[in-house]
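Structure first, then comments.
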Amino acid sequence: MQTLTLTVNGAPVSVVVEDRALLVDVLRDTLRLTGTHVGCDTSQCGACVVHIDDGAVKACTVLALSCEGSQVTTIEGLAPAGGLHPMQEAFREHHGLQCGFCTPGMIMTAVDIVNRRGPDLPAADIREELEGNICRCTGYGSIVKAVAAGGKAMRTSPAIAVAAE
């Protein structure tokens with residue numbers, strides 16, 4: 001057991017974890033941030049995507065202790081208090097979710113896509129970027145529309161930084 005110190009959703013956190021603990025388990029079981037889902041345990045579904053130091057990763061593939069000193073953002077920390085992030089709003093508005101299980105990972109991946117590639121992506125590029133995220137309910141048409149709309153909304157949101165085009 002070792003002490004892990006990191007920042008989660010803007011707050012400093014210090015927890016004792018087993019050497020083999022995965023980040024997804026620490027987030028869900030220790031910190032009770034259950035928006036990060038475990039869907040497959042094999043890193044294929046993308047339901048566990050979080051941001052570590054501003055880059056998207058599948059939390060089921062990351063040893064928690066490797067995050068020492070890192071900034072971790074989960075779906076719970078994406079939006080300003082009392083509101084929705086523009087990508088969350090776009091998923092709601094464009095019906096980019098159905099059962100909601102994959103939605104947190106899809107949204108975290110979508111924000112990363114926009115931050116890396118800019119807000120104006122063709123649908124084919126969005127589909128390619130989402131290949132590591134699986135949805136079994138919606139098909140992907142509404143999700144792709146939501147990501148495109150969310151990207152545009154991120155560009156115009158004063159509180160959200162987007163990569164240069």
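The chains in the structure tokens are called A, B, ... from first to last as shown; in each chain the residues are counted from 1, and the ligands are counted from 1 in the order shown.
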
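Residue neighbourhood of Ala21 in chain A, excluding near-sequence residues (fewer than 6 positions): A:Met1, A:Cys60, A:Val62, A:Leu63, A:Ala64, A:Leu65, at 10 Å, using only C-alpha atoms.
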
Show me, as JSON lines, the residues of range 32-81 of chain A having an atom within 10 Å of range 100-112 of chain A, each with the closest atom pair and its distance in Å, using only C-alpha atoms.
```
{"residue": "A:Gly35", "atom": "CA", "partner": "A:Pro104", "partner_atom": "CA", "distance": 6.4}
{"residue": "A:Thr36", "atom": "CA", "partner": "A:Pro104", "partner_atom": "CA", "distance": 6.6}
{"residue": "A:His37", "atom": "CA", "partner": "A:Phe101", "partner_atom": "CA", "distance": 7.2}
{"residue": "A:Val38", "atom": "CA", "partner": "A:Phe101", "partner_atom": "CA", "distance": 9.3}
{"residue": "A:Gly39", "atom": "CA", "partner": "A:Cys102", "partner_atom": "CA", "distance": 8.2}
{"residue": "A:Cys45", "atom": "CA", "partner": "A:Cys102", "partner_atom": "CA", "distance": 8.0}
{"residue": "A:Gly46", "atom": "CA", "partner": "A:Gly105", "partner_atom": "CA", "distance": 5.6}
{"residue": "A:Ala47", "atom": "CA", "partner": "A:Gly105", "partner_atom": "CA", "distance": 4.4}
{"residue": "A:Cys48", "atom": "CA", "partner": "A:Gly105", "partner_atom": "CA", "distance": 5.5}
{"residue": "A:Val49", "atom": "CA", "partner": "A:Gly105", "partner_atom": "CA", "distance": 4.6}
{"residue": "A:Val50", "atom": "CA", "partner": "A:Met108", "partner_atom": "CA", "distance": 6.1}
{"residue": "A:His51", "atom": "CA", "partner": "A:Met108", "partner_atom": "CA", "distance": 7.1}
{"residue": "A:Asp54", "atom": "CA", "partner": "A:Asp112", "partner_atom": "CA", "distance": 7.7}
{"residue": "A:Gly55", "atom": "CA", "partner": "A:Asp112", "partner_atom": "CA", "distance": 6.4}
{"residue": "A:Ala56", "atom": "CA", "partner": "A:Asp112", "partner_atom": "CA", "distance": 5.9}
{"residue": "A:Val57", "atom": "CA", "partner": "A:Thr109", "partner_atom": "CA", "distance": 8.4}
{"residue": "A:Lys58", "atom": "CA", "partner": "A:Gly105", "partner_atom": "CA", "distance": 8.5}
{"residue": "A:Ala59", "atom": "CA", "partner": "A:Gly105", "partner_atom": "CA", "distance": 10.0}
{"residue": "A:Thr73", "atom": "CA", "partner": "A:Met108", "partner_atom": "CA", "distance": 8.9}
{"residue": "A:Thr74", "atom": "CA", "partner": "A:Met108", "partner_atom": "CA", "distance": 7.7}
{"residue": "A:Ile75", "atom": "CA", "partner": "A:Pro104", "partner_atom": "CA", "distance": 5.8}
{"residue": "A:Glu76", "atom": "CA", "partner": "A:Pro104", "partner_atom": "CA", "distance": 8.9}
{"residue": "A:Leu78", "atom": "CA", "partner": "A:Met108", "partner_atom": "CA", "distance": 8.2}
```

>> Taking the DSSP secondary structure from the backbone, can you list the residues of range 7-138 of chain A that are strand (DSSP E), as a ChimeraX atom specification?
In response: /A:7-8,11-17,49-52,55-58,71-73

> Closest to Ala123 in chain A among A:Cys99, A:Ala90, A:Leu33, A:Val144, using only C-alpha atoms?
Replying inline: A:Val144

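For the choices A:Val13, A:Ile113, A:Leu22, A:Leu84, the atom-to-atom distance to Ala148 in chain A is smallest for A:Ile113 when using only C-alpha atoms.
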
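For Arg92 in chain A, the residues within 12 Å (counting only C-alpha atoms, excluding itself and residues fewer than 4 positions away along the chain) are Leu84, His85, Pro86, Met87, Gln88, Gly96, Leu97, Gln98, Gly100, Thr103, Ile107, Ser142, Ile143, Lys145, Ala146, Val147, Ala149 and Gly150 of chain A.
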
If you keep N, CA and C atoms, can you produce a file of those selected residues as a PDB file, in the first residue's frame?
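Once everything was written out, this is result-v7.pdb:
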```
ATOM      1  N   LEU A  84     -23.772  22.660 -17.456  1.00  0.00           N
ATOM      2  CA  LEU A  84     -23.269  21.601 -18.316  1.00  0.00           C
ATOM      3  C   LEU A  84     -22.127  22.145 -19.164  1.00  0.00           C
ATOM      4  N   HIS A  85     -21.172  21.288 -19.446  1.00  0.00           N
ATOM      5  CA  HIS A  85     -20.123  21.612 -20.411  1.00  0.00           C
ATOM      6  C   HIS A  85     -20.812  21.669 -21.780  1.00  0.00           C
ATOM      7  N   PRO A  86     -20.310  22.483 -22.712  1.00  0.00           N
ATOM      8  CA  PRO A  86     -20.938  22.540 -24.038  1.00  0.00           C
ATOM      9  C   PRO A  86     -21.075  21.173 -24.715  1.00  0.00           C
ATOM     10  N   MET A  87     -20.132  20.265 -24.481  1.00  0.00           N
ATOM     11  CA  MET A  87     -20.240  18.932 -25.093  1.00  0.00           C
ATOM     12  C   MET A  87     -21.365  18.140 -24.437  1.00  0.00           C
ATOM     13  N   GLN A  88     -21.521  18.265 -23.135  1.00  0.00           N
ATOM     14  CA  GLN A  88     -22.630  17.589 -22.461  1.00  0.00           C
ATOM     15  C   GLN A  88     -23.962  18.113 -22.973  1.00  0.00           C
ATOM     16  N   GLY A  96     -27.466  12.249 -28.309  1.00  0.00           N
ATOM     17  CA  GLY A  96     -26.266  11.435 -28.440  1.00  0.00           C
ATOM     18  C   GLY A  96     -26.140  10.390 -27.354  1.00  0.00           C
ATOM     19  N   LEU A  97     -27.228  10.127 -26.667  1.00  0.00           N
ATOM     20  CA  LEU A  97     -27.205   9.097 -25.628  1.00  0.00           C
ATOM     21  C   LEU A  97     -28.549   8.392 -25.597  1.00  0.00           C
ATOM     22  N   GLN A  98     -28.518   7.192 -25.106  1.00  0.00           N
ATOM     23  CA  GLN A  98     -29.771   6.465 -24.934  1.00  0.00           C
ATOM     24  C   GLN A  98     -29.792   5.908 -23.523  1.00  0.00           C
ATOM     25  N   GLY A 100     -27.168   5.750 -21.611  1.00  0.00           N
ATOM     26  CA  GLY A 100     -26.263   6.606 -20.865  1.00  0.00           C
ATOM     27  C   GLY A 100     -25.007   5.943 -20.350  1.00  0.00           C
ATOM     28  N   THR A 103     -21.973   7.159 -22.257  1.00  0.00           N
ATOM     29  CA  THR A 103     -21.967   8.605 -22.454  1.00  0.00           C
ATOM     30  C   THR A 103     -20.812   9.328 -21.762  1.00  0.00           C
ATOM     31  N   ILE A 107     -18.247  11.485 -24.016  1.00  0.00           N
ATOM     32  CA  ILE A 107     -18.096  12.926 -23.842  1.00  0.00           C
ATOM     33  C   ILE A 107     -16.650  13.287 -23.534  1.00  0.00           C
ATOM     34  N   SER A 142     -26.254  10.002 -34.114  1.00  0.00           N
ATOM     35  CA  SER A 142     -26.551  11.085 -33.177  1.00  0.00           C
ATOM     36  C   SER A 142     -25.318  11.491 -32.371  1.00  0.00           C
ATOM     37  N   ILE A 143     -24.471  10.531 -32.066  1.00  0.00           N
ATOM     38  CA  ILE A 143     -23.245  10.833 -31.318  1.00  0.00           C
ATOM     39  C   ILE A 143     -22.333  11.710 -32.169  1.00  0.00           C
ATOM     40  N   LYS A 145     -23.188  13.705 -34.603  1.00  0.00           N
ATOM     41  CA  LYS A 145     -23.804  15.038 -34.674  1.00  0.00           C
ATOM     42  C   LYS A 145     -23.570  15.812 -33.380  1.00  0.00           C
ATOM     43  N   ALA A 146     -23.672  15.124 -32.254  1.00  0.00           N
ATOM     44  CA  ALA A 146     -23.459  15.772 -30.958  1.00  0.00           C
ATOM     45  C   ALA A 146     -22.016  16.251 -30.808  1.00  0.00           C
ATOM     46  N   VAL A 147     -21.057  15.434 -31.227  1.00  0.00           N
ATOM     47  CA  VAL A 147     -19.647  15.834 -31.133  1.00  0.00           C
ATOM     48  C   VAL A 147     -19.386  17.058 -32.015  1.00  0.00           C
ATOM     49  N   ALA A 149     -21.548  19.357 -32.988  1.00  0.00           N
ATOM     50  CA  ALA A 149     -22.200  20.518 -32.378  1.00  0.00           C
ATOM     51  C   ALA A 149     -21.476  20.952 -31.112  1.00  0.00           C
ATOM     52  N   GLY A 150     -21.043  19.984 -30.327  1.00  0.00           N
ATOM     53  CA  GLY A 150     -20.300  20.307 -29.108  1.00  0.00           C
ATOM     54  C   GLY A 150     -18.991  21.012 -29.407  1.00  0.00           C
TER      55      GLY A 150
END
```

>> When you count only C-alpha atoms, which of these residues is closest to Asp120 in chain A: A:Gly10, A:Gly82, A:Gly69, A:Gly151?
In response: A:Gly151

> Taking the backbone alone, and naming residues the way the document does, which bits of range 51-138 of chain A are alpha helix (DSSP H) by DSSP, as number ranges by chain?
Replying inline: A: 86-93, 103-117, 123-129

> Any idea what the distance is between CA of Cys137 in chain A and CA of Thr34 in chain A?
Replying inline: 20.4 Å

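In this model, the gap between CA of Ala153 in chain A and CA of Glu128 in chain A comes to 20.9 Å.
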
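Using only C-alpha atoms, the smallest distance between any of A:His95, A:Arg20, A:Arg28, A:Arg127 and Ser66 in chain A comes from A:Arg20.
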
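Counting only C-alpha atoms, the residue from A:Leu4, A:Gly141, A:Asn133, A:Val114 that sits nearest to Arg155 in chain A is A:Val114.
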
> What's the 8 Å shell around Ser14 in chain A, counting only C-alpha atoms, without same-chain residues fewer than 3 positions away, as a PyMOL selection string?
Replying inline: chain A and resi 3-6

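Residue nearest Gly132 in chain A, chosen from A:Leu31, A:Thr7, A:Cys40, A:Leu23 and counting only C-alpha atoms: A:Cys40.
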